[in-house]
Amino acid sequence: MSPAPFLALITVIALIALVATACSGGGSDDAPSAQDPPAPPPSETPELWRPEPGLDWQWQLNGTLDPDVDVPVYDIDGFDHGADVVDALHGRGVRVICYINVGAWEDWRPDAADFPGELRGLGNGWEGERWLDIRERDVLRPLLAERFDMCAEKGFDAVEPDLVDGYLNDTGFPLTAGDQLAYNRMVSELARERGLSVGLKNDLDQIPELLDDFDFAVNEECAAFGECERLRPFIEAGKAVFHVEYELAADEFCAETTALGLSSLVKRWDLDAWRETC
């Protein structure tokens, strides 16, 4: 063999070896080995909205919705309003809370027949409503999950789960504080799993145990009952307290609740569009 072909053959062999080494990752300290675990997938859970104390708001559960109140937060019925309403409010920078009753059965809801009869207790004072047996979490969990899915699919930012203090009422079931804690934590988990922040409605006695599980509070009549100070843990944690009085005039409580950091309104009992703010 002449020198020229021999040198060419040596060059080809060297190039093949070099390419093989590069493809195998040899010589690179930064390349992962075959034993390295795969990188975790990026998180798909959206960041939760965390409303801060002092935000003004509108709470309307009845009547034709007034979409033009100049506030940064609306709380509206999740069944009664579609994604178009939520989108329109989002279009002007408004966050929207989805009202869902999780503690009582309501006979007019489209999923009312899905709630077993044995879970329906005594009436709660509102027409067509009966307390639920919240001890039956395995039965209620998928029903609430479907409702929260609805809120998420419509684009709501948060959930206001109502009637989460049944253990303090005559429900027809022997509910305990422990039953309520377990149920409320389940409610919070279901909301947060869907990217919805979640508010603790009333249930003042359990605020110390539930503060970390809820992103804001909704309260009715803490001023009328002299209980607003009990909501201070939410404010100190940087979490909004959306508060309403029905029987007191604004000048009877606004100085106190505004100083505390509550987002206070006067509303009628039927929660129509009318409001008076502090």
# chains A, B, ... in the order shown; residues from 1 in each chain; ligands from 1
>>> residues_around(residues="A:Trp131", least_positions_apart="5", cutoff="6 Å", atoms="only C-alpha atoms", output="PyMOL selection string")
chain A and resi 104+120-122+171
>>> write_last_selection(atoms="N, CA, C and O atoms", output="PDB file, in the first residue's frame")
ATOM      1  N   ALA A 104     -75.116  22.484  52.157  1.00  0.00           N
ATOM      2  CA  ALA A 104     -76.550  22.201  52.120  1.00  0.00           C
ATOM      3  C   ALA A 104     -76.962  21.799  50.721  1.00  0.00           C
ATOM      4  O   ALA A 104     -76.392  22.258  49.723  1.00  0.00           O
ATOM      5  N   ARG A 120     -79.417  14.134  53.019  1.00  0.00           N
ATOM      6  CA  ARG A 120     -80.139  15.394  53.161  1.00  0.00           C
ATOM      7  C   ARG A 120     -80.796  15.439  54.536  1.00  0.00           C
ATOM      8  O   ARG A 120     -81.620  14.589  54.871  1.00  0.00           O
ATOM      9  N   GLY A 121     -80.423  16.446  55.327  1.00  0.00           N
ATOM     10  CA  GLY A 121     -80.902  16.540  56.690  1.00  0.00           C
ATOM     11  C   GLY A 121     -82.042  17.517  56.844  1.00  0.00           C
ATOM     12  O   GLY A 121     -82.927  17.634  55.982  1.00  0.00           O
ATOM     13  N   LEU A 122     -82.031  18.243  57.943  1.00  0.00           N
ATOM     14  CA  LEU A 122     -83.067  19.217  58.250  1.00  0.00           C
ATOM     15  C   LEU A 122     -82.917  20.459  57.379  1.00  0.00           C
ATOM     16  O   LEU A 122     -81.839  20.751  56.862  1.00  0.00           O
ATOM     17  N   THR A 171     -78.590  20.189  62.286  1.00  0.00           N
ATOM     18  CA  THR A 171     -78.618  19.679  60.917  1.00  0.00           C
ATOM     19  C   THR A 171     -79.421  18.391  60.759  1.00  0.00           C
ATOM     20  O   THR A 171     -79.729  17.998  59.635  1.00  0.00           O
TER      21      THR A 171
END
>>> residues_around(residues="A:Leu119", least_positions_apart="2", cutoff="12 Å", atoms="only C-alpha atoms", output="ChimeraX atom specification")
/A:103-105,112-117,121-122,130-140,171-173
>>> write_last_selection(atoms="C-alpha atoms", output="short mmCIF file (atom, residue, chain, number, x, y, z; two decimals), in the first residue's frame")
data_model
loop_
_atom_site.label_atom_id
_atom_site.label_comp_id
_atom_site.auth_asym_id
_atom_site.auth_seq_id
_atom_site.Cartn_x
_atom_site.Cartn_y
_atom_site.Cartn_z
CA GLY A 103 -72.91 22.45 53.15
CA ALA A 104 -76.55 22.20 52.12
CA TRP A 105 -78.56 20.52 49.39
CA ALA A 112 -79.70 18.07 42.89
CA ALA A 113 -80.73 14.49 42.04
CA ASP A 114 -77.11 13.33 42.36
CA PHE A 115 -77.14 13.89 46.13
CA PRO A 116 -78.46 10.76 47.90
CA GLY A 117 -81.60 11.29 49.95
CA GLY A 121 -80.90 16.54 56.69
CA LEU A 122 -83.07 19.22 58.25
CA ARG A 130 -81.43 21.05 53.63
CA TRP A 131 -78.22 20.45 55.52
CA LEU A 132 -75.85 17.80 54.17
CA ASP A 133 -74.28 14.97 56.14
CA ILE A 134 -70.68 16.11 55.72
CA ARG A 135 -69.41 12.96 57.42
CA GLU A 136 -69.99 11.17 54.10
CA ARG A 137 -66.95 12.70 52.45
CA ASP A 138 -66.39 9.81 50.04
CA VAL A 139 -69.85 10.37 48.58
CA LEU A 140 -69.72 14.16 48.54
CA THR A 171 -78.62 19.68 60.92
CA GLY A 172 -80.29 16.39 61.82
CA PHE A 173 -76.86 14.73 61.98
#
>>> residues_around(residues="A:Trp269", least_positions_apart="4", cutoff="12 Å", atoms="only C-alpha atoms", output="PyMOL selection string")
chain A and resi 59-62+126+220-221+244-248+273-275
>>> write_last_selection(atoms="all heavy atoms", output="compact mmCIF listing (two decimals), in the first residue's frame")
# COMPACT_ATOMS: atom_id res chain seq x y z
N TRP A 59 -70.71 41.67 45.92
CA TRP A 59 -71.27 40.34 46.17
C TRP A 59 -72.70 40.37 45.69
O TRP A 59 -73.56 41.03 46.26
CB TRP A 59 -71.20 40.04 47.67
CG TRP A 59 -71.43 38.61 48.05
CD1 TRP A 59 -71.32 37.51 47.27
CD2 TRP A 59 -71.80 38.13 49.35
NE1 TRP A 59 -71.59 36.36 47.98
CE2 TRP A 59 -71.88 36.72 49.26
CE3 TRP A 59 -72.06 38.75 50.56
CZ2 TRP A 59 -72.22 35.94 50.36
CZ3 TRP A 59 -72.39 37.96 51.65
CH2 TRP A 59 -72.46 36.57 51.55
N GLN A 60 -73.00 39.65 44.60
CA GLN A 60 -74.36 39.61 44.08
C GLN A 60 -74.73 38.18 43.70
O GLN A 60 -74.13 37.59 42.80
CB GLN A 60 -74.53 40.52 42.85
CG GLN A 60 -75.98 40.52 42.36
CD GLN A 60 -76.23 41.43 41.18
OE1 GLN A 60 -75.38 42.23 40.79
NE2 GLN A 60 -77.41 41.31 40.59
N LEU A 61 -75.73 37.63 44.40
CA LEU A 61 -76.17 36.27 44.15
C LEU A 61 -77.58 36.20 43.58
O LEU A 61 -78.04 35.11 43.21
CB LEU A 61 -76.11 35.44 45.44
CG LEU A 61 -74.74 35.34 46.12
CD1 LEU A 61 -74.82 34.41 47.33
CD2 LEU A 61 -73.67 34.87 45.16
N ASN A 62 -78.28 37.32 43.51
CA ASN A 62 -79.66 37.33 43.01
C ASN A 62 -79.89 38.53 42.12
O ASN A 62 -79.18 39.54 42.20
CB ASN A 62 -80.65 37.37 44.18
CG ASN A 62 -80.72 36.04 44.92
OD1 ASN A 62 -81.10 35.01 44.36
ND2 ASN A 62 -80.33 36.05 46.19
N TRP A 126 -83.66 28.35 54.75
CA TRP A 126 -83.82 28.91 53.42
C TRP A 126 -84.65 27.92 52.58
O TRP A 126 -84.40 26.72 52.59
CB TRP A 126 -82.47 29.15 52.75
CG TRP A 126 -81.64 30.19 53.45
CD1 TRP A 126 -80.70 29.97 54.41
CD2 TRP A 126 -81.72 31.60 53.26
NE1 TRP A 126 -80.17 31.17 54.83
CE2 TRP A 126 -80.78 32.19 54.14
CE3 TRP A 126 -82.48 32.43 52.44
CZ2 TRP A 126 -80.58 33.56 54.23
CZ3 TRP A 126 -82.28 33.80 52.51
CH2 TRP A 126 -81.35 34.36 53.39
N GLU A 220 -70.16 37.18 57.37
CA GLU A 220 -71.43 37.87 57.51
C GLU A 220 -71.62 38.30 58.95
O GLU A 220 -71.56 37.49 59.87
CB GLU A 220 -72.58 36.95 57.09
CG GLU A 220 -72.53 36.55 55.62
CD GLU A 220 -73.54 35.46 55.30
OE1 GLU A 220 -73.34 34.32 55.78
OE2 GLU A 220 -74.50 35.74 54.56
N GLU A 221 -71.82 39.59 59.16
CA GLU A 221 -72.30 40.19 60.40
C GLU A 221 -71.35 40.06 61.60
O GLU A 221 -71.80 39.96 62.73
CB GLU A 221 -73.67 39.61 60.77
CG GLU A 221 -74.75 39.92 59.75
CD GLU A 221 -76.13 39.60 60.29
OE1 GLU A 221 -76.46 38.42 60.43
OE2 GLU A 221 -76.86 40.56 60.60
N VAL A 244 -69.67 41.52 55.16
CA VAL A 244 -70.97 42.13 54.88
C VAL A 244 -71.78 42.26 56.17
O VAL A 244 -71.75 41.38 57.03
CB VAL A 244 -71.76 41.27 53.87
CG1 VAL A 244 -73.25 41.58 53.92
CG2 VAL A 244 -71.25 41.50 52.46
N GLU A 245 -72.46 43.38 56.30
CA GLU A 245 -73.48 43.57 57.34
C GLU A 245 -74.82 43.80 56.66
O GLU A 245 -74.90 44.42 55.60
CB GLU A 245 -73.14 44.76 58.23
CG GLU A 245 -71.89 44.58 59.07
CD GLU A 245 -72.03 43.54 60.17
OE1 GLU A 245 -73.17 43.35 60.66
OE2 GLU A 245 -71.01 42.91 60.52
N TYR A 246 -75.89 43.28 57.29
CA TYR A 246 -77.24 43.41 56.74
C TYR A 246 -78.11 44.38 57.54
O TYR A 246 -78.95 45.07 56.97
CB TYR A 246 -77.93 42.04 56.72
CG TYR A 246 -77.21 40.99 55.92
CD1 TYR A 246 -76.60 39.91 56.55
CD2 TYR A 246 -77.16 41.06 54.53
CE1 TYR A 246 -75.95 38.92 55.82
CE2 TYR A 246 -76.51 40.07 53.78
CZ TYR A 246 -75.91 39.01 54.43
OH TYR A 246 -75.25 38.03 53.72
N GLU A 247 -77.95 44.40 58.85
CA GLU A 247 -78.85 45.15 59.72
C GLU A 247 -78.25 46.46 60.23
O GLU A 247 -78.98 47.32 60.71
CB GLU A 247 -79.26 44.28 60.92
CG GLU A 247 -79.95 42.97 60.54
CD GLU A 247 -81.30 43.18 59.90
OE1 GLU A 247 -81.91 44.26 60.11
OE2 GLU A 247 -81.77 42.27 59.18
N LEU A 248 -76.95 46.61 60.15
CA LEU A 248 -76.30 47.82 60.64
C LEU A 248 -76.07 48.81 59.51
O LEU A 248 -75.81 48.42 58.37
CB LEU A 248 -74.94 47.49 61.27
CG LEU A 248 -74.94 46.56 62.50
CD1 LEU A 248 -73.50 46.35 62.97
CD2 LEU A 248 -75.80 47.12 63.61
N ALA A 273 -78.11 43.55 43.52
CA ALA A 273 -77.00 44.40 43.08
C ALA A 273 -76.71 45.56 44.03
O ALA A 273 -75.58 46.07 44.07
CB ALA A 273 -77.30 44.95 41.69
N TRP A 274 -77.68 45.95 44.84
CA TRP A 274 -77.49 47.12 45.70
C TRP A 274 -76.37 46.87 46.70
O TRP A 274 -76.23 45.77 47.26
CB TRP A 274 -78.78 47.46 46.45
CG TRP A 274 -78.62 48.67 47.33
CD1 TRP A 274 -78.77 49.97 46.97
CD2 TRP A 274 -78.24 48.68 48.72
NE1 TRP A 274 -78.52 50.80 48.05
CE2 TRP A 274 -78.19 50.03 49.13
CE3 TRP A 274 -77.95 47.69 49.65
CZ2 TRP A 274 -77.87 50.41 50.42
CZ3 TRP A 274 -77.61 48.07 50.95
CH2 TRP A 274 -77.57 49.40 51.33
N ARG A 275 -75.58 47.91 46.95
CA ARG A 275 -74.49 47.83 47.93
C ARG A 275 -74.17 49.21 48.46
O ARG A 275 -74.41 50.23 47.78
CB ARG A 275 -73.22 47.23 47.28
CG ARG A 275 -72.58 48.16 46.27
CD ARG A 275 -71.54 47.49 45.40
NE ARG A 275 -70.28 47.24 46.07
CZ ARG A 275 -69.30 48.12 46.16
NH1 ARG A 275 -69.42 49.34 45.66
NH2 ARG A 275 -68.17 47.80 46.76
>>> residues_around(residues="A:Pro53", least_positions_apart="3", cutoff="6 Å", atoms="only C-alpha atoms", output="PDB file with all heavy atoms, in the first residue's frame")
ATOM      1  N   LYS A 239     -54.176  38.091  54.126  1.00  0.00           N
ATOM      2  CA  LYS A 239     -55.279  37.517  53.377  1.00  0.00           C
ATOM      3  C   LYS A 239     -56.541  38.365  53.562  1.00  0.00           C
ATOM      4  O   LYS A 239     -56.889  38.730  54.679  1.00  0.00           O
ATOM      5  CB  LYS A 239     -55.553  36.076  53.846  1.00  0.00           C
ATOM      6  CG  LYS A 239     -54.349  35.145  53.680  1.00  0.00           C
ATOM      7  CD  LYS A 239     -54.651  33.752  54.200  1.00  0.00           C
ATOM      8  CE  LYS A 239     -53.458  32.821  54.026  1.00  0.00           C
ATOM      9  NZ  LYS A 239     -53.752  31.428  54.464  1.00  0.00           N
ATOM     10  N   ALA A 240     -57.225  38.639  52.469  1.00  0.00           N
ATOM     11  CA  ALA A 240     -58.411  39.497  52.509  1.00  0.00           C
ATOM     12  C   ALA A 240     -59.535  38.877  53.323  1.00  0.00           C
ATOM     13  O   ALA A 240     -59.692  37.655  53.382  1.00  0.00           O
ATOM     14  CB  ALA A 240     -58.902  39.767  51.092  1.00  0.00           C
ATOM     15  N   GLY A 261     -58.879  46.277  58.710  1.00  0.00           N
ATOM     16  CA  GLY A 261     -58.413  45.825  57.402  1.00  0.00           C
ATOM     17  C   GLY A 261     -59.433  45.030  56.619  1.00  0.00           C
ATOM     18  O   GLY A 261     -59.110  44.463  55.574  1.00  0.00           O
TER      19      GLY A 261
END
